[in-house]
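Pasting my_file.cif here (mmCIF, C-alpha atoms):
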data_data
#
loop_
_atom_site.label_atom_id
_atom_site.label_comp_id
_atom_site.auth_asym_id
_atom_site.auth_seq_id
_atom_site.Cartn_x
_atom_site.Cartn_y
_atom_site.Cartn_z
CA MET A 1 23.42 -7.11 4.06
CA LEU A 2 25.52 -5.78 6.92
CA ASP A 3 28.63 -5.89 4.70
CA ARG A 4 26.74 -4.05 1.97
CA PHE A 5 25.58 -1.40 4.47
CA ARG A 6 29.16 -0.77 5.58
CA GLU A 7 30.33 -0.61 1.96
CA ILE A 8 27.67 2.01 1.17
CA GLU A 9 28.65 4.12 4.18
CA ALA A 10 32.27 4.10 3.00
CA ARG A 11 31.33 4.98 -0.59
CA MET A 12 29.02 7.81 0.51
CA GLY A 13 31.97 9.52 2.15
CA ALA A 14 33.95 9.43 -1.09
CA ALA A 15 31.19 9.96 -3.70
CA ALA A 16 31.22 13.22 -5.65
CA ASP A 17 28.60 12.55 -8.31
CA GLY A 18 25.18 13.89 -7.31
CA ALA A 19 23.19 11.06 -8.87
CA GLU A 20 25.36 8.44 -7.16
CA ILE A 21 24.99 10.19 -3.80
CA VAL A 22 21.19 10.14 -4.17
CA ARG A 23 21.20 6.44 -5.13
CA LEU A 24 23.54 5.50 -2.27
CA SER A 25 21.53 7.58 0.23
CA LYS A 26 18.33 5.79 -0.78
CA GLU A 27 19.90 2.34 -0.39
CA HIS A 28 21.50 3.42 2.91
CA ALA A 29 18.09 4.48 4.27
CA GLU A 30 16.57 1.14 3.23
CA LEU A 31 19.36 -0.95 4.80
CA LYS A 32 19.83 1.04 8.02
CA PRO A 33 16.89 -0.56 9.94
CA VAL A 34 18.27 -3.99 9.01
CA ALA A 35 21.81 -3.08 10.04
CA ASP A 36 20.64 -1.58 13.35
CA ALA A 37 18.56 -4.67 14.18
CA VAL A 38 21.38 -7.08 13.29
CA LEU A 39 23.91 -5.15 15.38
CA THR A 40 21.50 -5.08 18.35
CA LEU A 41 21.03 -8.85 18.05
CA GLU A 42 24.77 -9.48 17.73
CA LYS A 43 25.44 -7.36 20.82
CA ALA A 44 22.80 -9.24 22.83
CA ARG A 45 24.19 -12.62 21.76
CA ALA A 46 27.71 -11.52 22.67
CA GLU A 47 26.54 -10.60 26.19
CA GLN A 48 25.08 -14.06 26.87
CA PRO A 49 28.35 -16.03 27.46
CA GLU A 50 29.71 -13.20 29.62
CA LEU A 51 26.59 -13.25 31.82
CA GLU A 52 26.66 -17.06 32.03
CA GLU A 53 30.25 -16.88 33.25
CA MET A 54 29.36 -14.24 35.84
CA ALA A 55 26.32 -16.25 36.97
CA ALA A 56 28.62 -19.18 37.74
CA ALA A 57 31.09 -16.99 39.68
CA GLY A 58 31.80 -17.42 43.40
CA ASP A 59 30.38 -14.06 44.50
CA PRO A 60 26.70 -14.83 45.38
CA GLU A 61 25.50 -11.24 45.01
CA MET A 62 27.23 -10.79 41.64
CA ALA A 63 25.97 -14.20 40.47
CA SER A 64 22.40 -13.31 41.44
CA LEU A 65 22.51 -10.03 39.47
CA ALA A 66 24.03 -11.82 36.47
CA ARG A 67 21.32 -14.49 36.54
CA ASP A 68 18.60 -11.80 36.56
CA GLU A 69 20.22 -10.07 33.58
CA LEU A 70 20.66 -13.41 31.84
CA ASP A 71 16.98 -14.25 32.26
CA ALA A 72 15.99 -10.84 30.89
CA LEU A 73 18.36 -11.28 27.94
CA LYS A 74 16.99 -14.74 27.11
CA ALA A 75 13.49 -13.29 27.18
CA ARG A 76 14.54 -10.51 24.77
CA LEU A 77 16.40 -12.68 22.25
CA PRO A 78 13.37 -14.28 20.53
CA ALA A 79 11.84 -10.85 19.88
CA LEU A 80 15.14 -9.53 18.51
CA GLU A 81 15.55 -12.60 16.30
CA HIS A 82 11.96 -12.24 15.06
CA GLU A 83 12.55 -8.58 14.19
CA VAL A 84 15.67 -9.45 12.19
CA ALA A 85 13.86 -12.30 10.44
CA LEU A 86 11.04 -9.94 9.40
CA LEU A 87 13.54 -7.43 8.05
CA LEU A 88 15.36 -10.15 6.10
CA ALA A 89 12.18 -11.76 4.73
CA PRO A 90 11.41 -11.19 1.02
CA LYS A 91 9.94 -7.71 0.55
CA ASP A 92 7.82 -5.98 -2.02
CA LYS A 93 10.27 -3.68 -3.77
CA ASP A 94 7.48 -1.10 -4.16
CA GLU A 95 6.80 -0.99 -0.41
CA HIS A 96 7.94 2.64 -0.05
CA ALA A 97 6.44 3.92 -3.30
CA SER A 98 3.72 6.49 -3.71
CA ALA A 99 0.51 5.10 -5.18
CA ILE A 100 -2.33 5.68 -7.59
CA LEU A 101 -5.75 5.01 -6.07
CA GLU A 102 -8.68 4.09 -8.31
CA VAL A 103 -12.21 3.79 -6.87
CA ARG A 104 -15.13 2.75 -9.11
CA ALA A 105 -18.82 2.21 -8.46
CA GLY A 106 -19.85 -1.42 -8.94
CA THR A 107 -23.25 -3.07 -8.67
CA GLY A 108 -25.93 -0.98 -7.00
CA GLY A 109 -26.57 2.03 -9.26
CA ASP A 110 -26.68 5.42 -7.51
CA GLU A 111 -26.03 3.85 -4.11
CA ALA A 112 -22.84 2.25 -5.45
CA ALA A 113 -21.62 5.67 -6.63
CA LEU A 114 -22.41 7.16 -3.20
CA PHE A 115 -20.47 4.34 -1.54
CA ALA A 116 -17.53 4.88 -3.91
CA GLY A 117 -17.54 8.50 -2.73
CA ASP A 118 -17.55 7.39 0.91
CA LEU A 119 -14.60 5.05 0.28
CA PHE A 120 -12.60 7.75 -1.47
CA ARG A 121 -13.20 10.18 1.41
CA MET A 122 -12.10 7.46 3.85
CA TYR A 123 -8.78 7.06 2.03
CA GLN A 124 -8.44 10.83 1.62
CA ARG A 125 -8.81 11.42 5.37
CA TYR A 126 -6.51 8.51 6.16
CA ALA A 127 -3.87 9.98 3.85
CA GLN A 128 -4.21 13.42 5.42
CA ASN A 129 -3.80 11.93 8.90
CA ARG A 130 -0.52 10.34 7.79
CA GLY A 131 0.76 13.52 6.14
CA TRP A 132 0.42 12.22 2.57
CA LYS A 133 -0.53 14.44 -0.37
CA VAL A 134 -3.66 13.58 -2.40
CA GLU A 135 -4.17 14.90 -5.95
CA VAL A 136 -7.21 13.97 -8.06
CA ASP A 137 -6.19 12.91 -11.59
CA SER A 138 -9.60 12.06 -13.06
CA VAL A 139 -13.18 12.05 -11.82
CA SER A 140 -16.62 11.05 -13.10
CA GLU A 141 -19.37 12.05 -10.69
CA GLY A 142 -22.54 10.08 -10.00
CA GLU A 143 -25.95 11.55 -10.82
CA MET A 144 -27.05 11.50 -7.16
CA GLY A 145 -23.60 12.27 -5.75
CA GLY A 146 -20.51 10.23 -5.10
CA TYR A 147 -18.42 8.95 -8.00
CA LYS A 148 -18.83 6.58 -10.89
CA GLU A 149 -15.02 6.64 -10.99
CA ILE A 150 -12.28 8.65 -9.32
CA ILE A 151 -8.53 8.30 -9.77
CA ALA A 152 -6.04 10.07 -7.49
CA SER A 153 -2.32 10.14 -6.81
CA ILE A 154 -1.26 9.74 -3.17
CA SER A 155 2.31 10.86 -2.56
CA GLY A 156 4.43 10.03 0.47
CA ASP A 157 6.79 7.46 1.90
CA GLY A 158 5.27 4.00 2.25
CA VAL A 159 1.88 4.78 0.69
CA PHE A 160 1.76 1.62 -1.44
CA GLY A 161 3.01 -0.55 1.43
CA ARG A 162 0.11 0.62 3.63
CA LEU A 163 -2.66 0.60 1.02
CA LYS A 164 -1.79 -2.27 -1.34
CA PHE A 165 -4.15 -4.73 0.39
CA GLU A 166 -7.12 -2.42 -0.27
CA SER A 167 -7.40 -3.64 -3.87
CA GLY A 168 -10.55 -5.64 -4.51
CA VAL A 169 -14.33 -5.46 -4.18
CA HIS A 170 -15.72 -3.58 -1.18
CA ARG A 171 -19.35 -4.37 -0.33
CA VAL A 172 -21.73 -2.15 1.65
CA GLN A 173 -24.97 -3.09 3.40
CA ARG A 174 -27.12 -0.13 4.47
CA VAL A 175 -30.40 1.73 3.93
CA PRO A 176 -29.83 4.17 1.04
CA ASP A 177 -30.97 7.78 1.42
CA THR A 178 -33.19 7.21 -1.62
CA GLU A 179 -34.97 4.19 -0.03
CA ALA A 180 -38.39 5.25 1.27
CA GLN A 181 -39.28 1.85 2.76
CA GLY A 182 -36.18 1.62 4.97
CA ARG A 183 -34.95 -1.59 3.35
CA ILE A 184 -31.30 -2.57 3.52
CA HIS A 185 -29.57 -2.67 0.14
CA THR A 186 -26.28 -4.31 -0.83
CA SER A 187 -24.00 -2.41 -3.20
CA ALA A 188 -20.34 -2.61 -4.14
CA ALA A 189 -17.38 -0.58 -5.31
CA THR A 190 -14.00 -1.71 -6.59
CA VAL A 191 -10.69 -0.32 -5.37
CA ALA A 192 -7.35 -0.60 -7.14
CA VAL A 193 -4.07 0.58 -5.61
CA LEU A 194 -1.13 0.76 -8.01
CA PRO A 195 2.49 1.65 -7.19
CA GLU A 196 3.55 4.90 -8.84
CA VAL A 197 6.49 4.01 -11.05
CA GLU A 198 9.61 5.90 -11.97
CA ASP A 199 10.18 6.89 -15.60
CA VAL A 200 13.03 4.42 -16.00
CA GLU A 201 10.89 1.41 -15.07
CA ILE A 202 8.36 1.45 -17.90
CA GLU A 203 9.13 2.29 -21.53
CA ILE A 204 6.21 3.43 -23.68
CA ARG A 205 6.93 3.85 -27.37
CA ASP A 206 5.26 6.71 -29.25
CA GLN A 207 4.03 4.34 -31.95
CA ASP A 208 2.20 2.23 -29.33
CA ILE A 209 -0.11 4.99 -28.08
CA ARG A 210 -2.90 7.13 -29.50
CA ILE A 211 -3.64 10.46 -27.81
CA ASP A 212 -7.06 12.10 -28.28
CA THR A 213 -8.28 15.40 -26.88
CA TYR A 214 -11.92 16.20 -26.21
CA ARG A 215 -14.13 18.61 -24.31
CA SER A 216 -14.81 17.36 -20.79
CA SER A 217 -18.35 17.45 -19.47
CA GLY A 218 -19.32 19.44 -16.42
CA ALA A 219 -22.23 20.48 -14.24
CA GLY A 220 -22.68 23.74 -16.20
CA GLY A 221 -21.83 27.37 -15.61
CA GLN A 222 -18.32 28.74 -15.46
CA HIS A 223 -16.71 25.40 -14.65
CA VAL A 224 -17.51 23.77 -18.02
CA ASN A 225 -14.38 23.53 -20.19
CA LYS A 226 -14.82 25.52 -23.41
CA THR A 227 -11.69 24.02 -25.01
CA ASP A 228 -10.63 20.48 -25.84
CA SER A 229 -8.45 20.13 -22.75
CA ALA A 230 -9.37 16.59 -21.61
CA VAL A 231 -6.97 13.86 -22.72
CA ARG A 232 -7.55 10.21 -23.56
CA ILE A 233 -4.54 7.93 -24.11
CA THR A 234 -4.97 4.47 -25.63
CA HIS A 235 -2.12 1.96 -25.30
CA MET A 236 -2.76 -0.21 -28.35
CA PRO A 237 -0.69 -3.33 -27.47
CA SER A 238 -2.50 -3.80 -24.13
CA GLY A 239 -5.82 -2.09 -24.90
CA ILE A 240 -5.52 0.06 -21.74
CA VAL A 241 -7.32 3.41 -21.97
CA VAL A 242 -6.74 6.23 -19.47
CA THR A 243 -8.24 9.70 -19.30
CA SER A 244 -7.64 12.94 -17.42
CA SER A 245 -10.12 15.80 -17.49
CA GLU A 246 -8.78 18.68 -15.41
CA LYS A 247 -8.47 22.21 -16.87
CA SER A 248 -4.93 22.08 -18.29
CA GLN A 249 -4.32 19.90 -21.34
CA HIS A 250 -0.58 19.77 -20.55
CA GLN A 251 -1.27 18.56 -17.00
CA ASN A 252 -3.88 16.10 -18.24
CA ARG A 253 -1.40 14.53 -20.66
CA ALA A 254 1.22 14.16 -17.91
CA ARG A 255 -1.30 12.70 -15.45
CA ALA A 256 -2.73 10.26 -18.00
CA MET A 257 0.77 9.03 -18.91
CA LYS A 258 1.52 8.53 -15.21
CA VAL A 259 -1.60 6.41 -14.73
CA LEU A 260 -0.87 4.44 -17.93
CA LYS A 261 2.63 3.61 -16.70
CA ALA A 262 1.24 2.49 -13.36
CA ARG A 263 -1.27 0.16 -15.02
CA LEU A 264 1.34 -1.34 -17.34
CA TYR A 265 3.66 -1.83 -14.37
CA GLU A 266 0.83 -3.49 -12.44
CA GLN A 267 0.37 -5.94 -15.32
CA GLN A 268 4.02 -6.94 -14.90
CA ARG A 269 3.55 -7.32 -11.13
CA GLU A 270 0.45 -9.48 -11.59
CA ALA A 271 2.25 -11.76 -14.06
CA LEU A 272 5.10 -12.17 -11.57
CA ASP A 273 2.67 -12.82 -8.70
CA SER A 274 0.89 -15.48 -10.77
CA ALA A 275 4.18 -17.23 -11.39
CA ARG A 276 5.00 -17.14 -7.68
CA ALA A 277 1.53 -18.39 -6.76
CA GLU A 278 2.30 -21.67 -8.50
CA ASN A 279 5.02 -22.26 -5.93
CA ARG A 280 3.28 -21.03 -2.77
CA LYS A 281 -0.19 -19.87 -1.84
CA SER A 282 -0.59 -16.16 -1.22
CA GLN A 283 -2.01 -15.54 2.24
CA VAL A 284 -3.38 -12.05 1.68
CA GLY A 285 -4.28 -9.82 -1.21
CA SER A 286 -3.80 -11.52 -4.53
CA GLY A 287 -4.75 -8.19 -6.08
CA ASP A 288 -7.65 -9.88 -7.89
CA ARG A 289 -10.06 -7.05 -8.68
CA SER A 290 -13.02 -9.47 -8.63
CA GLU A 291 -12.29 -10.75 -5.13
CA ARG A 292 -14.74 -9.55 -2.45
CA ILE A 293 -12.40 -8.50 0.31
CA ARG A 294 -14.49 -6.49 2.79
CA THR A 295 -18.06 -5.83 3.90
CA TYR A 296 -19.25 -2.63 5.60
CA ASN A 297 -22.51 -3.29 7.49
CA PHE A 298 -23.94 0.05 8.60
CA PRO A 299 -27.00 -1.15 10.62
CA GLN A 300 -24.71 -3.19 12.90
CA GLY A 301 -21.73 -0.80 12.77
CA ARG A 302 -19.62 -3.73 11.59
CA VAL A 303 -16.72 -4.03 9.16
CA THR A 304 -15.48 -7.50 8.15
CA ASP A 305 -12.35 -8.33 6.17
CA HIS A 306 -13.03 -11.73 4.63
CA ARG A 307 -9.39 -12.60 3.83
CA ILE A 308 -8.33 -12.89 7.47
CA ASN A 309 -11.78 -13.33 9.06
CA LEU A 310 -11.43 -10.04 10.93
CA THR A 311 -14.59 -8.38 12.28
CA LEU A 312 -14.60 -5.00 14.01
CA TYR A 313 -17.47 -2.95 15.43
CA ASN A 314 -16.00 0.52 14.89
CA LEU A 315 -17.36 1.17 11.39
CA PRO A 316 -17.94 4.95 11.84
CA LYS A 317 -14.30 5.51 12.81
CA VAL A 318 -13.08 3.27 10.00
CA MET A 319 -15.10 5.28 7.47
CA GLU A 320 -13.64 8.49 8.92
CA GLY A 321 -10.15 7.11 8.26
CA GLU A 322 -9.34 7.29 11.98
CA ALA A 323 -9.44 3.52 12.59
CA LEU A 324 -8.48 2.20 9.15
CA ASP A 325 -5.17 1.04 10.66
CA ASP A 326 -7.20 -1.39 12.79
CA VAL A 327 -7.89 -3.24 9.53
CA ILE A 328 -4.62 -2.56 7.69
CA ASP A 329 -2.24 -3.59 10.51
CA PRO A 330 -3.58 -7.18 10.81
CA LEU A 331 -3.38 -7.56 7.02
CA ILE A 332 0.26 -6.47 7.05
CA ALA A 333 0.98 -8.82 9.97
CA GLU A 334 -0.59 -11.73 8.06
CA ASP A 335 1.50 -10.89 5.01
CA GLN A 336 4.66 -10.72 7.14
CA ALA A 337 3.87 -14.15 8.57
CA ALA A 338 3.55 -15.51 5.03
CA ARG A 339 6.89 -13.97 4.07
CA LEU A 340 8.54 -15.49 7.14
CA ALA A 341 7.08 -18.88 6.23
CA ALA A 342 8.53 -18.52 2.73
CA LEU A 343 11.91 -17.64 4.26
CA GLU A 344 11.79 -20.72 6.49
CA ASP A 345 10.83 -22.91 3.54
CA GLU A 346 13.82 -21.62 1.61
CA PHE A 347 16.47 -21.75 4.32
CA GLY A 348 15.02 -24.15 6.91
#

So that I can check it, write out the structure of this file as structure tokens.
Amino acid sequence: MLDRFREIEARMGAAADGAEIVRLSKEHAELKPVADAVLTLEKARAEQPELEEMAAAGDPEMASLARDELDALKARLPALEHEVALLLAPKDKDEHASAILEVRAGTGGDEAALFAGDLFRMYQRYAQNRGWKVEVDSVSEGEMGGYKEIIASISGDGVFGRLKFESGVHRVQRVPDTEAQGRIHTSAATVAVLPEVEDVEIEIRDQDIRIDTYRSSGAGGQHVNKTDSAVRITHMPSGIVVTSSEKSQHQNRARAMKVLKARLYEQQREALDSARAENRKSQVGSGDRSERIRTYNFPQGRVTDHRINLTLYNLPKVMEGEALDDVIDPLIAEDQAARLAALEDEFG
């Protein structure tokens, strides 16, 4: 990888084609953290024999200083080696991609729709805190508030890498606003996070899709569409149906195609993950939409991620998006540990 990094740096200086410069710049940015970490490790390892020689020298004062530096270096080396190992471990090639977020109400009726709305706002605030852009592609509101379904695009560097473990069933335990007796109800919502794909990655043939336009429903008044601007696209080979119901038919068609490509791409990813799962057990996030991954218990202020047995008592801040990293970071760390284990299995 270090050789490849140096080759790219040399080619960037000589490249004249704009497309090639963009491609090389992207690969350079991806490899630079690896190259920097490897060079730091190599430099540290090169210092060790020099310090050992100085520590054995006749000058007591010089030898004492060298031994102190040698001890500090030996303490640093495992961390440097671990950092390089993490960077060299197998990676999700969509780690830096933008993402499409889908949140749907599950069991629980109106309360499930309200919870779906709470989840979407949590991700929306989290995205805003990280400087990501959120655009709603499609929405179906619940009768009492919240959402039956909402689909949004989240744009930025590393969105999918941060949010990919959010896919699954999220369960809530709380007293609904509509509950007069004060009884705790359990409801659920499903979350799907899909990497946003480039046009070159998924080919959709015109003969494989059917595009219908229809008049989207609304709450009444001036916001009801009076033209057939909503778009429904059906991908006949897979049976996938996507819709977009904003005001512009042209924008709706583009947004629906984007979501369709993401879902088809996710099918490919799931097939590949299933094949890999036969060889090694996935530690975190199989992406199974039916898997209950997290419980939000409002009476106790508790959030529990069942995949890694993590329980936190900062539910209000998690729901505000402020402390969502307290859940996401341990999931990423667990996944990194699994990738390191796979690397050790492969190379010993």

Taking the file as I've supplied it (selection: the PyMOL selection byres ((chain A and resi 185-197) around 7)), which residues are included? Please answer as a PyMOL selection string. chain A and resi 94+97-108+111-112+115-116+160+163-164+166-176+183-184+198-199+201+261-262+266+289

Env of Val38 of chain A: 10 Å cut, atoms = only C-alpha atoms, seq-sep filter 4 positions within chain, self excluded. Answer as a PyMOL selection string. chain A and resi 1-2+32-34+42-44+80-81+83-85+87-88

Do you know which residues the PyMOL selection byres ((chain A and resi 68-73) around 12) returns on this file, as number ranges by chain? A: 40-41, 43-56, 61-67, 74-80

Go through the shown structure with the PyMOL selection byres ((chain A and resi 321) around 7) and write out the matching residues as a ChimeraX atom specification. /A:122-123,125-126,317-320,322-324

Nearest candidate to Ala337 of chain A (options A:Arg269, A:Arg11, A:His82, A:Lys26; using only C-alpha atoms):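 Looking at the shortest contact to Ala337 of chain A, the residue is A:His82.
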
Please provide as a list in words all residues within 10 Å of Gln207 of chain A, with the sequence filter that same-chain residues fewer than 3 positions apart are discarded (counting all atoms listed in the file).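 The residues satisfying every condition are Ile204, Arg210, His235 and Met236 of chain A.
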
Point-to-point distance in Å for atom CA of Val136 of chain A and atom CA of Ile240 of chain A: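 Distance reported for this atom pair: 19.6 Å.
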
When you count all atoms listed in the file, which of these residues is closest to Arg6 of chain A: A:Leu31, A:Asn129, A:Val22, A:Glu246?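 Counting all atoms listed in the file, the residue closest to Arg6 of chain A is A:Leu31.
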
Between atom CA of Gln128 of chain A and atom CA of Ile154 of chain A, measure the distance and give it in Å to one decimal.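 Calculated distance between atom CA of Gln128 of chain A and atom CA of Ile154 of chain A is 9.8 Å.
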
For atom CA of Asp92 of chain A and atom CA of Leu264 of chain A, the interatomic separation in Å (one decimal): 17.3 Å

Find the residue from A:Val159, A:Val327, A:Ala29, A:Ile150 that sits nearest to Arg130 of chain A; use only C-alpha atoms when measuring.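 Smallest separation from Arg130 of chain A among the options: A:Val159.
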
Tell me, as a list in words, which residues lie within 6 Å of segment 140-147 of chain A, counting all atoms listed in the file; anything in the same chain fewer than 6 positions away does not count. Ala113, Leu114, Ala116 and Gly117 of chain A

Give the answer as one residue: which of A:Asn314, A:Ser244, A:Ala35, A:Leu119 has the shortest atom-to-atom distance to Arg302 of chain A, using all atoms listed in the file?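 That would be A:Asn314, the residue with the smallest distance to Arg302 of chain A.
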
Among listed residues A:Asn297, A:Ser138, A:Ser155, A:Ser25, nearest Val231 of chain A (using only C-alpha atoms): A:Ser138

Which is closest to Asp329 of chain A among A:Gly156, A:Asp305, A:Glu270, A:Gln181, if we use all atoms listed in the file?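 Among the listed residues, A:Asp305 lies closest to Asp329 of chain A.
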
Neighbourhood query: residues within 6 Å of (-6.9, 11.0, -6.7), file coordinates, counting only C-alpha atoms; return as a list in words. Val134, Glu135, Val136, Asp137, Ile151, Ala152 and Ser153 of chain A

I'd like the contact shell of Arg23 of chain A - 12 Å cut-off, only C-alpha atoms, skipping same-chain residues fewer than 5 positions apart - returned as a list in words. Ile8, Arg11, Met12, Ala15, Asp17, Gly18, His28, Ala29 and Glu30 of chain A

Give me segment 158-170 of chain A with N, CA and C atoms filled in, as a PDB file, in the coordinates of the input.
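Contents of out02.pdb, as written:
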ATOM      1  N   GLY A 158       5.966   5.178   1.758  1.00  0.00           N
ATOM      2  CA  GLY A 158       5.270   4.000   2.250  1.00  0.00           C
ATOM      3  C   GLY A 158       3.794   3.946   1.947  1.00  0.00           C
ATOM      4  N   VAL A 159       3.309   4.779   1.007  1.00  0.00           N
ATOM      5  CA  VAL A 159       1.880   4.780   0.690  1.00  0.00           C
ATOM      6  C   VAL A 159       1.441   3.406   0.163  1.00  0.00           C
ATOM      7  N   PHE A 160       2.164   2.895  -0.838  1.00  0.00           N
ATOM      8  CA  PHE A 160       1.760   1.620  -1.440  1.00  0.00           C
ATOM      9  C   PHE A 160       1.840   0.483  -0.430  1.00  0.00           C
ATOM     10  N   GLY A 161       2.864   0.505   0.423  1.00  0.00           N
ATOM     11  CA  GLY A 161       3.010  -0.550   1.430  1.00  0.00           C
ATOM     12  C   GLY A 161       1.837  -0.597   2.400  1.00  0.00           C
ATOM     13  N   ARG A 162       1.243   0.568   2.710  1.00  0.00           N
ATOM     14  CA  ARG A 162       0.110   0.620   3.630  1.00  0.00           C
ATOM     15  C   ARG A 162      -1.218   0.296   2.939  1.00  0.00           C
ATOM     16  N   LEU A 163      -1.357   0.687   1.671  1.00  0.00           N
ATOM     17  CA  LEU A 163      -2.660   0.600   1.020  1.00  0.00           C
ATOM     18  C   LEU A 163      -2.805  -0.551   0.027  1.00  0.00           C
ATOM     19  N   LYS A 164      -1.740  -1.292  -0.239  1.00  0.00           N
ATOM     20  CA  LYS A 164      -1.790  -2.270  -1.340  1.00  0.00           C
ATOM     21  C   LYS A 164      -2.823  -3.370  -1.114  1.00  0.00           C
ATOM     22  N   PHE A 165      -3.169  -3.674   0.143  1.00  0.00           N
ATOM     23  CA  PHE A 165      -4.150  -4.730   0.390  1.00  0.00           C
ATOM     24  C   PHE A 165      -5.589  -4.235   0.293  1.00  0.00           C
ATOM     25  N   GLU A 166      -5.774  -2.967  -0.094  1.00  0.00           N
ATOM     26  CA  GLU A 166      -7.120  -2.420  -0.270  1.00  0.00           C
ATOM     27  C   GLU A 166      -7.716  -2.771  -1.622  1.00  0.00           C
ATOM     28  N   SER A 167      -6.909  -3.307  -2.528  1.00  0.00           N
ATOM     29  CA  SER A 167      -7.400  -3.640  -3.870  1.00  0.00           C
ATOM     30  C   SER A 167      -8.393  -4.791  -3.812  1.00  0.00           C
ATOM     31  N   GLY A 168      -9.534  -4.600  -4.464  1.00  0.00           N
ATOM     32  CA  GLY A 168     -10.550  -5.640  -4.510  1.00  0.00           C
ATOM     33  C   GLY A 168     -11.944  -5.046  -4.446  1.00  0.00           C
ATOM     34  N   VAL A 169     -12.930  -5.901  -4.233  1.00  0.00           N
ATOM     35  CA  VAL A 169     -14.330  -5.460  -4.180  1.00  0.00           C
ATOM     36  C   VAL A 169     -14.724  -5.184  -2.727  1.00  0.00           C
ATOM     37  N   HIS A 170     -15.231  -3.988  -2.489  1.00  0.00           N
ATOM     38  CA  HIS A 170     -15.720  -3.580  -1.180  1.00  0.00           C
ATOM     39  C   HIS A 170     -17.245  -3.553  -1.235  1.00  0.00           C
TER      40      HIS A 170
END
